[in-house]
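**Q** Okay, so here is work-v6.cif, and as you'll see once you scroll down, it has mmCIF, C-alpha atoms.
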```cif
data_run
loop_
_atom_site.group_PDB
_atom_site.id
_atom_site.type_symbol
_atom_site.label_atom_id
_atom_site.label_comp_id
_atom_site.auth_asym_id
_atom_site.auth_seq_id
_atom_site.Cartn_x
_atom_site.Cartn_y
_atom_site.Cartn_z
ATOM 1 C CA MET A 250 15.622 205.464 44.429
ATOM 2 C CA PRO A 251 16.969 203.219 41.660
ATOM 3 C CA LEU A 252 16.630 204.529 38.123
ATOM 4 C CA GLN A 253 13.742 203.036 36.184
ATOM 5 C CA THR A 254 14.326 204.674 32.812
ATOM 6 C CA LEU A 255 17.380 205.926 30.975
ATOM 7 C CA PRO A 256 17.835 209.606 31.930
ATOM 8 C CA VAL A 257 18.870 212.430 29.617
ATOM 9 C CA ILE A 258 21.857 214.191 31.214
ATOM 10 C CA SER A 259 23.149 217.674 30.398
ATOM 11 C CA LEU A 260 26.915 218.065 30.059
ATOM 12 C CA ASN A 261 26.353 221.623 31.279
ATOM 13 C CA SER A 262 25.381 220.346 34.728
ATOM 14 C CA GLU A 263 27.462 221.338 37.740
ATOM 15 C CA PRO A 264 30.523 218.986 37.800
ATOM 16 C CA ALA A 265 29.601 217.079 40.965
ATOM 17 C CA THR A 266 26.027 216.622 39.749
ATOM 18 C CA LEU A 267 27.250 215.486 36.347
ATOM 19 C CA SER A 268 29.555 212.886 37.909
ATOM 20 C CA ARG A 269 26.723 211.563 40.062
ATOM 21 C CA ASP A 270 24.166 211.435 37.244
ATOM 22 C CA LEU A 271 26.524 209.768 34.778
ATOM 23 C CA GLY A 272 27.790 207.285 37.375
ATOM 24 C CA GLU A 273 24.297 206.267 38.450
ATOM 25 C CA SER A 274 23.059 205.853 34.882
ATOM 26 C CA PHE A 275 26.145 203.864 33.840
ATOM 27 C CA GLN A 276 26.031 201.642 36.927
ATOM 28 C CA THR A 277 22.319 200.936 36.420
ATOM 29 C CA PHE A 278 22.140 200.558 32.641
ATOM 30 C CA GLY A 279 25.694 200.686 31.291
ATOM 31 C CA PHE A 280 24.278 203.512 29.154
ATOM 32 C CA ALA A 281 23.455 207.213 29.404
ATOM 33 C CA MET A 282 21.877 209.756 27.072
ATOM 34 C CA VAL A 283 23.797 213.049 26.946
ATOM 35 C CA ARG A 284 22.680 216.441 25.629
ATOM 36 C CA ASP A 285 24.463 219.808 25.511
ATOM 37 C CA HIS A 286 27.641 218.109 24.300
ATOM 38 C CA GLY A 287 28.698 221.152 22.294
ATOM 39 C CA ILE A 288 29.439 219.439 18.966
ATOM 40 C CA ASP A 289 28.475 221.895 16.250
ATOM 41 C CA ALA A 290 25.138 221.019 14.644
ATOM 42 C CA ASP A 291 26.317 222.178 11.205
ATOM 43 C CA LEU A 292 29.357 219.886 11.417
ATOM 44 C CA ILE A 293 27.083 216.961 12.320
ATOM 45 C CA ALA A 294 24.734 217.796 9.441
ATOM 46 C CA ARG A 295 27.630 217.829 6.964
ATOM 47 C CA ALA A 296 28.814 214.502 8.349
ATOM 48 C CA TRP A 297 25.401 212.888 7.776
ATOM 49 C CA THR A 298 25.262 214.178 4.203
ATOM 50 C CA LEU A 299 28.750 212.918 3.365
ATOM 51 C CA THR A 300 28.098 209.549 5.025
ATOM 52 C CA ALA A 301 25.042 208.970 2.849
ATOM 53 C CA GLU A 302 26.922 210.139 -0.258
ATOM 54 C CA PHE A 303 29.849 207.800 0.385
ATOM 55 C CA PHE A 304 27.718 204.700 0.917
ATOM 56 C CA ALA A 305 25.747 205.521 -2.248
ATOM 57 C CA LEU A 306 28.941 205.121 -4.313
ATOM 58 C CA PRO A 307 29.253 202.071 -6.602
ATOM 59 C CA GLU A 308 30.166 198.869 -4.795
ATOM 60 C CA ASP A 309 33.445 198.461 -6.690
ATOM 61 C CA GLU A 310 34.516 201.968 -5.732
ATOM 62 C CA LYS A 311 33.777 201.400 -2.048
ATOM 63 C CA ARG A 312 35.584 198.050 -2.077
ATOM 64 C CA SER A 313 38.691 199.714 -3.480
ATOM 65 C CA TYR A 314 39.127 201.172 0.029
ATOM 66 C CA TYR A 315 38.985 197.778 1.750
ATOM 67 C CA ILE A 316 42.397 196.644 3.019
ATOM 68 C CA GLU A 317 42.930 192.972 3.858
ATOM 69 C CA GLY A 318 44.690 192.234 7.134
ATOM 70 C CA LEU A 319 43.885 195.477 8.994
ATOM 71 C CA GLY A 320 40.949 194.043 10.885
ATOM 72 C CA GLY A 321 38.777 196.859 9.604
ATOM 73 C CA ALA A 322 40.902 199.387 11.484
ATOM 74 C CA ARG A 323 40.860 201.935 8.653
ATOM 75 C CA GLY A 324 38.860 202.546 5.513
ATOM 76 C CA TYR A 325 35.939 200.463 4.269
ATOM 77 C CA THR A 326 34.523 197.195 5.607
ATOM 78 C CA PRO A 327 32.012 195.540 3.247
ATOM 79 C CA PHE A 328 28.451 194.513 4.023
ATOM 80 C CA GLY A 329 28.131 191.257 5.933
ATOM 81 C CA THR A 330 31.703 191.133 7.266
ATOM 82 C CA GLU A 331 31.290 191.699 11.010
ATOM 83 C CA ILE A 332 29.629 189.159 13.291
ATOM 84 C CA ALA A 333 28.718 189.571 16.952
ATOM 85 C CA LYS A 334 30.705 187.402 19.367
ATOM 86 C CA GLY A 335 29.028 184.004 19.565
ATOM 87 C CA ALA A 336 26.534 184.801 16.784
ATOM 88 C CA LYS A 337 25.800 182.497 13.838
ATOM 89 C CA ARG A 338 24.863 185.167 11.280
ATOM 90 C CA HIS A 339 26.749 188.237 10.092
ATOM 91 C CA ASP A 340 25.392 191.718 10.704
ATOM 92 C CA LEU A 341 23.460 193.509 7.957
ATOM 93 C CA LYS A 342 25.750 196.542 7.753
ATOM 94 C CA GLU A 343 28.777 198.136 6.077
ATOM 95 C CA PHE A 344 31.046 200.769 7.599
ATOM 96 C CA TRP A 345 34.011 203.126 7.296
ATOM 97 C CA HIS A 346 36.628 203.674 10.014
ATOM 98 C CA VAL A 347 38.571 206.833 10.823
ATOM 99 C CA GLY A 348 41.339 206.521 13.396
ATOM 100 C CA ARG A 349 43.990 208.653 15.040
ATOM 101 C CA ASP A 350 46.874 209.657 12.796
ATOM 102 C CA LEU A 351 50.276 209.384 14.463
ATOM 103 C CA PRO A 352 53.722 210.293 13.073
ATOM 104 C CA ALA A 353 55.428 207.290 11.467
ATOM 105 C CA ASP A 354 58.146 207.335 14.149
ATOM 106 C CA HIS A 355 55.686 207.450 17.057
ATOM 107 C CA PRO A 356 56.258 204.485 19.429
ATOM 108 C CA LEU A 357 52.580 203.467 19.199
ATOM 109 C CA ALA A 358 52.340 203.685 15.412
ATOM 110 C CA ALA A 359 53.226 200.010 15.005
ATOM 111 C CA MET A 360 50.565 198.885 17.510
ATOM 112 C CA SER A 361 47.414 198.753 15.347
ATOM 113 C CA MET A 362 47.613 202.506 14.712
ATOM 114 C CA PHE A 363 47.601 202.534 10.929
ATOM 115 C CA PRO A 364 47.524 205.650 8.718
ATOM 116 C CA ASN A 365 44.055 206.780 7.709
ATOM 117 C CA LEU A 366 42.692 206.087 4.268
ATOM 118 C CA TRP A 367 40.591 208.795 2.581
ATOM 119 C CA PRO A 368 38.234 208.434 -0.399
ATOM 120 C CA THR A 369 38.591 210.756 -3.387
ATOM 121 C CA ARG A 370 34.883 211.514 -3.148
ATOM 122 C CA PRO A 371 32.610 212.907 -1.809
ATOM 123 C CA THR A 372 34.289 216.310 -1.629
ATOM 124 C CA GLY A 373 35.095 217.492 1.892
ATOM 125 C CA PHE A 374 35.066 214.004 3.404
ATOM 126 C CA ARG A 375 38.487 214.173 5.057
ATOM 127 C CA GLU A 376 38.122 217.705 6.442
ATOM 128 C CA THR A 377 34.683 217.004 7.883
ATOM 129 C CA PHE A 378 35.539 213.762 9.606
ATOM 130 C CA GLU A 379 38.885 214.928 10.951
ATOM 131 C CA ALA A 380 36.990 217.783 12.621
ATOM 132 C CA LEU A 381 34.259 215.485 13.954
ATOM 133 C CA TYR A 382 36.838 212.992 15.260
ATOM 134 C CA ALA A 383 38.498 215.792 17.246
ATOM 135 C CA GLU A 384 35.138 216.809 18.710
ATOM 136 C CA PHE A 385 34.277 213.254 19.750
ATOM 137 C CA ASP A 386 37.737 213.039 21.333
ATOM 138 C CA ARG A 387 37.095 216.200 23.337
ATOM 139 C CA VAL A 388 33.646 215.219 24.572
ATOM 140 C CA GLY A 389 34.743 211.670 25.411
ATOM 141 C CA ALA A 390 37.630 212.920 27.545
ATOM 142 C CA ARG A 391 35.251 215.206 29.421
ATOM 143 C CA ILE A 392 32.839 212.365 30.155
ATOM 144 C CA LEU A 393 35.715 210.157 31.332
ATOM 145 C CA SER A 394 36.849 212.883 33.720
ATOM 146 C CA ARG A 395 33.417 212.805 35.375
ATOM 147 C CA ILE A 396 33.460 208.989 35.513
ATOM 148 C CA ALA A 397 36.875 209.186 37.193
ATOM 149 C CA VAL A 398 35.489 211.420 39.934
ATOM 150 C CA TRP A 399 32.518 209.093 40.467
ATOM 151 C CA LEU A 400 34.979 206.198 40.871
ATOM 152 C CA GLY A 401 36.919 208.149 43.512
ATOM 153 C CA LEU A 402 39.839 208.990 41.220
ATOM 154 C CA ASP A 403 41.381 212.321 40.296
ATOM 155 C CA GLU A 404 39.442 213.947 37.448
ATOM 156 C CA HIS A 405 42.556 213.775 35.245
ATOM 157 C CA TRP A 406 43.235 210.079 35.920
ATOM 158 C CA PHE A 407 42.245 208.995 32.405
ATOM 159 C CA ASP A 408 44.189 211.730 30.605
ATOM 160 C CA PRO A 409 47.500 209.815 30.241
ATOM 161 C CA ALA A 410 45.633 206.528 29.742
ATOM 162 C CA ILE A 411 43.903 207.811 26.590
ATOM 163 C CA GLU A 412 46.662 210.113 25.275
ATOM 164 C CA ASP A 413 47.281 209.028 21.664
ATOM 165 C CA GLY A 414 44.715 206.298 22.272
ATOM 166 C CA ASN A 415 43.545 203.931 19.539
ATOM 167 C CA SER A 416 40.069 205.485 19.263
ATOM 168 C CA VAL A 417 38.028 204.828 16.136
ATOM 169 C CA MET A 418 35.089 206.683 14.585
ATOM 170 C CA ARG A 419 32.772 204.420 12.612
ATOM 171 C CA LEU A 420 30.418 205.618 9.880
ATOM 172 C CA LEU A 421 27.709 202.983 9.769
ATOM 173 C CA HIS A 422 25.241 202.181 7.022
ATOM 174 C CA TYR A 423 22.460 199.654 7.484
ATOM 175 C CA PRO A 424 20.988 199.291 3.955
ATOM 176 C CA PRO A 425 17.313 198.563 3.303
ATOM 177 C CA LEU A 426 16.659 195.003 4.398
ATOM 178 C CA PRO A 427 17.581 192.663 1.535
ATOM 179 C CA ALA A 428 14.886 190.285 0.362
ATOM 180 C CA ASP A 429 17.377 187.411 0.462
ATOM 181 C CA ALA A 430 18.649 188.135 3.999
ATOM 182 C CA GLU A 431 19.578 185.009 5.911
ATOM 183 C CA PRO A 432 16.771 184.029 8.307
ATOM 184 C CA GLY A 433 17.561 185.369 11.762
ATOM 185 C CA ALA A 434 20.096 187.941 10.533
ATOM 186 C CA ILE A 435 19.671 191.419 12.016
ATOM 187 C CA ARG A 436 21.303 194.799 11.532
ATOM 188 C CA ALA A 437 23.568 194.384 14.558
ATOM 189 C CA GLY A 438 23.492 191.243 16.655
ATOM 190 C CA ALA A 439 23.499 191.354 20.445
ATOM 191 C CA HIS A 440 26.983 192.379 21.573
ATOM 192 C CA GLU A 441 29.084 194.442 23.963
ATOM 193 C CA ASP A 442 31.589 197.048 22.794
ATOM 194 C CA ILE A 443 35.322 196.401 23.190
ATOM 195 C CA ASN A 444 36.558 199.880 24.138
ATOM 196 C CA LEU A 445 36.359 202.184 27.201
ATOM 197 C CA ILE A 446 33.227 204.149 26.285
ATOM 198 C CA THR A 447 31.268 204.600 23.059
ATOM 199 C CA LEU A 448 29.725 207.904 22.000
ATOM 200 C CA LEU A 449 26.961 207.472 19.421
ATOM 201 C CA LEU A 450 25.191 209.896 17.100
ATOM 202 C CA GLY A 451 22.185 208.700 15.138
ATOM 203 C CA ALA A 452 20.176 206.690 17.648
ATOM 204 C CA GLU A 453 17.061 208.818 17.070
ATOM 205 C CA GLU A 454 16.072 206.320 14.374
ATOM 206 C CA ALA A 455 14.371 203.449 16.227
ATOM 207 C CA GLY A 456 16.213 200.156 16.479
ATOM 208 C CA LEU A 457 18.897 200.473 19.166
ATOM 209 C CA GLU A 458 18.008 198.378 22.215
ATOM 210 C CA LEU A 459 19.829 197.460 25.428
ATOM 211 C CA LEU A 460 19.387 194.407 27.631
ATOM 212 C CA THR A 461 18.528 195.346 31.222
ATOM 213 C CA LYS A 462 19.765 193.491 34.275
ATOM 214 C CA GLN A 463 16.241 192.057 34.489
ATOM 215 C CA GLY A 464 16.673 190.449 31.068
ATOM 216 C CA GLU A 465 14.355 192.813 29.170
ATOM 217 C CA TRP A 466 15.159 194.609 25.921
ATOM 218 C CA ILE A 467 14.376 198.340 26.078
ATOM 219 C CA GLY A 468 14.649 200.908 23.300
ATOM 220 C CA VAL A 469 17.185 203.732 23.470
ATOM 221 C CA SER A 470 15.733 206.838 21.809
ATOM 222 C CA PRO A 471 17.600 210.053 22.654
ATOM 223 C CA PRO A 472 16.298 213.549 21.922
ATOM 224 C CA GLU A 473 17.259 215.090 18.584
ATOM 225 C CA GLY A 474 21.032 215.652 18.418
ATOM 226 C CA ALA A 475 21.825 214.023 21.768
ATOM 227 C CA LEU A 476 24.518 211.389 22.242
ATOM 228 C CA VAL A 477 24.046 207.868 23.517
ATOM 229 C CA VAL A 478 27.073 206.879 25.612
ATOM 230 C CA ASN A 479 27.770 203.351 26.809
ATOM 231 C CA ILE A 480 30.385 201.490 28.815
ATOM 232 C CA GLY A 481 32.662 199.119 26.899
ATOM 233 C CA ASP A 482 34.415 195.936 27.965
ATOM 234 C CA MET A 483 37.717 197.712 28.676
ATOM 235 C CA LEU A 484 36.137 199.967 31.313
ATOM 236 C CA GLN A 485 34.160 197.032 32.693
ATOM 237 C CA ARG A 486 37.435 195.144 33.120
ATOM 238 C CA LEU A 487 39.227 198.132 34.643
ATOM 239 C CA THR A 488 36.401 198.680 37.172
ATOM 240 C CA ASN A 489 35.994 194.975 38.006
ATOM 241 C CA HIS A 490 32.419 195.117 36.610
ATOM 242 C CA VAL A 491 31.361 198.009 38.869
ATOM 243 C CA LEU A 492 30.494 199.714 35.582
ATOM 244 C CA PRO A 493 28.867 197.107 33.319
ATOM 245 C CA SER A 494 29.391 196.669 29.595
ATOM 246 C CA THR A 495 25.787 196.148 28.603
ATOM 247 C CA THR A 496 24.565 193.914 25.806
ATOM 248 C CA HIS A 497 22.851 195.855 23.018
ATOM 249 C CA ARG A 498 21.653 195.321 19.454
ATOM 250 C CA VAL A 499 20.108 197.062 16.465
ATOM 251 C CA ARG A 500 16.947 195.211 15.540
ATOM 252 C CA ASN A 501 15.415 195.132 12.086
ATOM 253 C CA PRO A 502 12.693 197.669 11.261
ATOM 254 C CA GLU A 503 9.260 196.593 10.122
ATOM 255 C CA GLY A 504 6.879 197.772 7.421
ATOM 256 C CA GLU A 505 7.840 200.856 5.428
ATOM 257 C CA ARG A 506 11.011 201.520 7.480
ATOM 258 C CA ALA A 507 12.482 198.207 6.283
ATOM 259 C CA ARG A 508 12.864 199.808 2.838
ATOM 260 C CA HIS A 509 14.992 202.663 4.181
ATOM 261 C CA SER A 510 18.658 202.957 5.123
ATOM 262 C CA ARG A 511 19.730 203.628 8.697
ATOM 263 C CA TYR A 512 22.895 205.601 9.467
ATOM 264 C CA SER A 513 24.760 206.089 12.734
ATOM 265 C CA MET A 514 28.185 207.304 13.906
ATOM 266 C CA PRO A 515 29.703 205.614 16.947
ATOM 267 C CA PHE A 516 33.028 206.806 18.343
ATOM 268 C CA PHE A 517 34.838 203.970 20.137
ATOM 269 C CA LEU A 518 37.090 205.686 22.682
ATOM 270 C CA HIS A 519 40.112 203.494 23.368
ATOM 271 C CA LEU A 520 43.037 203.439 25.748
ATOM 272 C CA ARG A 521 46.620 203.809 24.588
ATOM 273 C CA SER A 522 47.683 200.592 22.908
ATOM 274 C CA ASP A 523 50.438 200.044 25.513
ATOM 275 C CA PHE A 524 48.156 200.701 28.506
ATOM 276 C CA PRO A 525 48.517 197.849 31.064
ATOM 277 C CA PHE A 526 45.244 196.645 32.555
ATOM 278 C CA ARG A 527 45.343 196.620 36.356
ATOM 279 C CA THR A 528 42.056 196.479 38.215
ATOM 280 C CA LEU A 529 41.339 199.710 40.100
ATOM 281 C CA ASP A 530 41.882 199.280 43.839
ATOM 282 C CA GLN A 531 38.657 201.193 44.493
ATOM 283 C CA CYS A 532 36.731 198.472 42.688
ATOM 284 C CA ILE A 533 38.095 195.473 44.624
ATOM 285 C CA THR A 534 36.253 194.418 47.797
ATOM 286 C CA PRO A 535 35.708 191.160 49.699
ATOM 287 C CA GLU A 536 32.297 190.990 47.994
ATOM 288 C CA ASN A 537 33.788 191.829 44.588
ATOM 289 C CA PRO A 538 37.243 190.211 44.409
ATOM 290 C CA ASP A 539 39.573 190.981 41.526
ATOM 291 C CA ARG A 540 38.376 189.132 38.430
ATOM 292 C CA TYR A 541 41.497 190.036 36.433
ATOM 293 C CA PRO A 542 44.691 189.465 38.413
ATOM 294 C CA VAL A 543 46.750 188.943 35.238
ATOM 295 C CA SER A 544 47.648 192.177 33.443
ATOM 296 C CA ILE A 545 47.584 192.464 29.643
ATOM 297 C CA THR A 546 47.956 195.490 27.375
ATOM 298 C CA ALA A 547 45.046 197.250 25.729
ATOM 299 C CA ASP A 548 46.307 196.202 22.284
ATOM 300 C CA ASP A 549 46.570 192.529 23.270
ATOM 301 C CA TYR A 550 42.978 192.704 24.489
ATOM 302 C CA LEU A 551 41.816 194.464 21.307
ATOM 303 C CA GLN A 552 43.422 191.904 18.981
ATOM 304 C CA GLU A 553 41.813 189.049 20.891
ATOM 305 C CA ARG A 554 38.384 190.624 20.561
ATOM 306 C CA LEU A 555 38.780 191.517 16.872
ATOM 307 C CA ARG A 556 39.369 187.855 16.137
ATOM 308 C CA GLU A 557 36.184 186.973 18.010
ATOM 309 C CA ILE A 558 34.025 189.276 15.879
ATOM 310 C CA GLY A 559 35.441 188.199 12.536
ATOM 311 C CA LEU A 560 37.488 191.296 11.694
ATOM 312 C CA LYS A 561 40.844 189.528 12.132
ATOM 313 C CA LYS A 562 41.954 185.963 11.514
#
```
Take the structure from the file and write it as structure tokens.
**A**
Amino acid sequence: MPLQTLPVISLNSEPATLSRDLGESFQTFGFAMVRDHGIDADLIARAWTLTAEFFALPEDEKRSYYIEGLGGARGYTPFGTEIAKGAKRHDLKEFWHVGRDLPADHPLAAMSMFPNLWPTRPTGFRETFEALYAEFDRVGARILSRIAVWLGLDEHWFDPAIEDGNSVMRLLHYPPLPADAEPGAIRAGAHEDINLITLLLGAEEAGLELLTKQGEWIGVSPPEGALVVNIGDMLQRLTNHVLPSTTHRVRNPEGERARHSRYSMPFFLHLRSDFPFRTLDQCITPENPDRYPVSITADDYLQERLREIGLKK
């Protein structure tokens, strides 16, 4: 029977069952809701507190951590900077990026892998988010291993592909809706993610919606503490669209909720910057011929997409 609603999947399921459940949910929706991920609840609570404290800092102080020319790869990106591909209005959000730190002499360090930037306050910011980044990294690799099995690959197939990958954790703040917001502007315009998979904390607050294959917007509301995981364009490309990168958005709240901030923490799990895209043989059939016969690197693809969403010129 085809899935009718987005299931909640336990990462503690038996491995074969987990691969099946994740694969079916991703193939149907491009999304899955995942519980029992094992990220410490106290660590997550500290992260929420520090996120709110950072975005409450004076505007000039936050902007001192904005670096021109990095495409938002590290540090602060001001409100109203990012725009969904093809959109006419900028998103109503500001954010902070934490990436992977590599040694200066690492061969990938020059490929969009910039050193992290850390604010002087709030206290404990760096330690908390370095720990949370490592946890997202761990859980994302585990989910990818189950996707690999569902695709007919060895469970470790993705391990070298994501080793030292250009993954980014984003701390997102959607401020209370401004009275002078441009008509038609929303918190996050309809878009698809660039990366392999995205792991998201904070979707309990209403607003996240995905576009079904039937053209209907449905809300994504996970249980308390659960992750929302979705397929990105890189995995869609790699699988020749067997796993779809689904359009999603964050709509504006109404009534009293419009006067409140919304926070979320997506982790964009990326391939190594030098990874060459070659469509998986398992995903090429006479009915689904190879859409991407020309190979490009993951970093080439990323730079192209960053220009499309206004983070690079």
**Q** Which residues come within 7 Å of segment 298-315 of chain A, counting all atoms listed in the file, excluding same-chain residues fewer than 6 positions away, as a list in words?
**A**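 Residues near the query, excluding close chain neighbours: Gly324, Tyr325, Thr326, Pro327, Pro371, Phe374 and Leu420 of chain A.
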**Q** Find the residues near Pro493 of chain A: any atom within 7 Å, counting only C-alpha atoms, skip ones fewer than 3 places away on the same chain, and give them as an mmCIF file with C-alpha atoms, in the frame of the given file.
**A**
```cif
data_model
loop_
_atom_site.group_PDB
_atom_site.id
_atom_site.type_symbol
_atom_site.label_atom_id
_atom_site.label_comp_id
_atom_site.auth_asym_id
_atom_site.auth_seq_id
_atom_site.Cartn_x
_atom_site.Cartn_y
_atom_site.Cartn_z
ATOM 1 C CA GLN A 276 26.031 201.642 36.927
ATOM 2 C CA GLY A 279 25.694 200.686 31.291
ATOM 3 C CA ILE A 480 30.385 201.490 28.815
ATOM 4 C CA GLN A 485 34.160 197.032 32.693
ATOM 5 C CA HIS A 490 32.419 195.117 36.610
#
```
**Q** To test your reading of the syntax: which residues would the PyMOL selection byres ((chain A and resi 471) around 7) return for the file shown? Reply as a ChimeraX atom specification.
**A** /A:282,452-453,469-470,472-473,475,477
**Q** For a quick check of understanding, using all atoms listed in the file, which of A:Pro535, A:Gly481, A:Gly474, A:Pro356 has the smallest distance to Met514 of chain A?
**A**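 Result for the nearest residue to Met514 of chain A: A:Gly474.
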**Q** To test your reading of the syntax: which residues would the PyMOL selection byres ((chain A and resi 545) around 6) return for the file shown? Reply as a ChimeraX atom specification.
**A** /A:525-526,544,546
**Q** Dump C-alpha atoms for the selected residues as a PDB file, keeping the file's coordinate frame?
**A**
```
ATOM      1  CA  PRO A 525      48.517 197.849  31.064  1.00  0.00           C
ATOM      2  CA  PHE A 526      45.244 196.645  32.555  1.00  0.00           C
ATOM      3  CA  SER A 544      47.648 192.177  33.443  1.00  0.00           C
ATOM      4  CA  THR A 546      47.956 195.490  27.375  1.00  0.00           C
TER       5      THR A 546
END
```
**Q** Run the PyMOL selection byres ((chain A and resi 350) around 8) against the file shown and list the residues it catches, as a PyMOL selection string.
**A** chain A and resi 348-349+351-352+362-365
**Q** Between atom CA of Ala383 of chain A and atom CA of Arg395 of chain A, what distance in Å does the model show, to one decimal?
**A**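 Separation of atom CA of Ala383 of chain A and atom CA of Arg395 of chain A: 19.1 Å.
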**Q** Which one of A:Gly373, A:His519, A:Trp399, A:Gly335 sits closest to Asp270 of chain A if you count all atoms listed in the file?
**A** A:Trp399
**Q** Quick one: residues within 8 Å of (30.5, 200.5, 39.4) (file frame), counting only C-alpha atoms, please, as a PDB file with C-alpha atoms, keeping the file's coordinate frame.
**A**
```
ATOM      1  CA  GLY A 272      27.790 207.285  37.375  1.00  0.00           C
ATOM      2  CA  PHE A 275      26.145 203.864  33.840  1.00  0.00           C
ATOM      3  CA  GLN A 276      26.031 201.642  36.927  1.00  0.00           C
ATOM      4  CA  LEU A 400      34.979 206.198  40.871  1.00  0.00           C
ATOM      5  CA  THR A 488      36.401 198.680  37.172  1.00  0.00           C
ATOM      6  CA  ASN A 489      35.994 194.975  38.006  1.00  0.00           C
ATOM      7  CA  HIS A 490      32.419 195.117  36.610  1.00  0.00           C
ATOM      8  CA  VAL A 491      31.361 198.009  38.869  1.00  0.00           C
ATOM      9  CA  LEU A 492      30.494 199.714  35.582  1.00  0.00           C
ATOM     10  CA  PRO A 493      28.867 197.107  33.319  1.00  0.00           C
ATOM     11  CA  CYS A 532      36.731 198.472  42.688  1.00  0.00           C
TER      12      CYS A 532
END
```
**Q** Atom CA of Arg556 of chain A to atom CA of Ile446 of chain A: how many Å, to one decimal?
**A**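 Distance reported for this atom pair: 20.2 Å.
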**Q** So the first atom is atom CA of Glu431 of chain A and the second is atom CA of Arg508 of chain A; what is the distance between them in Å, to one decimal place?
**A**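 About the pair atom CA of Glu431 of chain A and atom CA of Arg508 of chain A: they are 16.5 Å apart.
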**Q** Would you mind telling me which residue in A:His355, A:His286, A:Arg269, A:Arg419 lies nearest to Arg387 of chain A when using all atoms listed in the file?
**A**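 Smallest distance to Arg387 of chain A is found for A:His286.
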**Q** Can you tell me, as AutoDock Vina command-line options, the centre and edge lengths (Å, one decimal) of the axis-aligned box enclosing all of segment 440-446 of chain A's listed atoms after padding each side by 6 Å?
**A**
```
--center_x 31.8 --center_y 198.3 --center_z 24.4 --size_x 21.6 --size_y 23.8 --size_z 17.6
```
**Q** Pick the closest to Ile392 of chain A from A:Ala430, A:Leu487, A:Ala333, A:Ile258: which is it, counting all atoms listed in the file?
**A** A:Ile258
**Q** Could I get the residues of segment 478-522 of chain A with an atom no further than 6 Å from an atom of segment 434-445 of chain A, each paired with its nearest atom pair and that distance in Å to one decimal, using only C-alpha atoms, sorted by chain and residue number, as CSV?
**A**
```
residue,atom,partner,partner_atom,distance
A:Gly481,CA,A:Asp442,CA,4.7
A:Asp482,CA,A:Ile443,CA,4.9
A:Met483,CA,A:Leu445,CA,4.9
A:Leu484,CA,A:Leu445,CA,4.7
A:Thr495,CA,A:Glu441,CA,5.9
A:Thr496,CA,A:Glu441,CA,4.9
A:His497,CA,A:Ala439,CA,5.2
A:Arg498,CA,A:Ala439,CA,4.5
A:Val499,CA,A:Ala437,CA,4.8
A:Arg500,CA,A:Ile435,CA,5.8
A:Asn501,CA,A:Ile435,CA,5.6
A:Phe517,CA,A:Asn444,CA,6.0
A:Leu518,CA,A:Leu445,CA,5.8
A:His519,CA,A:Asn444,CA,5.1
```
**Q** Using all atoms listed in the file, which protein or nucleic acid residues come within 9 Å of Pro424 of chain A? Drop anything in the same chain fewer than 4 positions from it, and give the result as a PyMOL selection string.
**A** chain A and resi 328+341-343+436+507-512
**Q** Output C-alpha atoms of each residue in that selection to a file, as a tab-separated table (two decimals), in the frame of the given file.
**A**
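Output contents, as saved in part38.tsv:
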```tsv
chain	number	residue	atom	x	y	z
A	328	PHE	CA	28.45	194.51	4.02
A	341	LEU	CA	23.46	193.51	7.96
A	342	LYS	CA	25.75	196.54	7.75
A	343	GLU	CA	28.78	198.14	6.08
A	436	ARG	CA	21.30	194.80	11.53
A	507	ALA	CA	12.48	198.21	6.28
A	508	ARG	CA	12.86	199.81	2.84
A	509	HIS	CA	14.99	202.66	4.18
A	510	SER	CA	18.66	202.96	5.12
A	511	ARG	CA	19.73	203.63	8.70
A	512	TYR	CA	22.90	205.60	9.47
```
**Q** Can you write out as a Markdown table which residues of segment 437-546 of chain A fall within 8 Å of segment 407-412 of chain A, alongside each residue's closest atom pair and its distance in Å to one decimal, counting all atoms listed in the file and ordering rows by chain and ascending residue number?
**A**
```
| residue | atom | partner | partner_atom | distance |
| --- | --- | --- | --- | --- |
| A:His519 | CA | A:Ile411 | CA | 6.6 |
| A:Leu520 | CA | A:Ile411 | CA | 4.5 |
| A:Arg521 | CA | A:Ile411 | CA | 5.2 |
| A:Phe524 | CA | A:Ala410 | CA | 6.5 |
```
**Q** Select, counting only C-alpha atoms, all protein, DNA and RNA residues no farther than 10 Å from (42.3, 201.9, 44.5) in file coordinates, and express the selection as a list in words.
**A**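 It turns out the residues near that spot are Leu400, Gly401, Leu402, Thr488, Thr528, Leu529, Asp530, Gln531, Cys532 and Ile533 of chain A.
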**Q** Counting only C-alpha atoms, which residue out of A:Arg486, A:Thr447, A:Ile467, A:Phe278 sits closest to Tyr541 of chain A?
**A**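 Residue with the minimum atom-to-atom distance to Tyr541 of chain A: A:Arg486.
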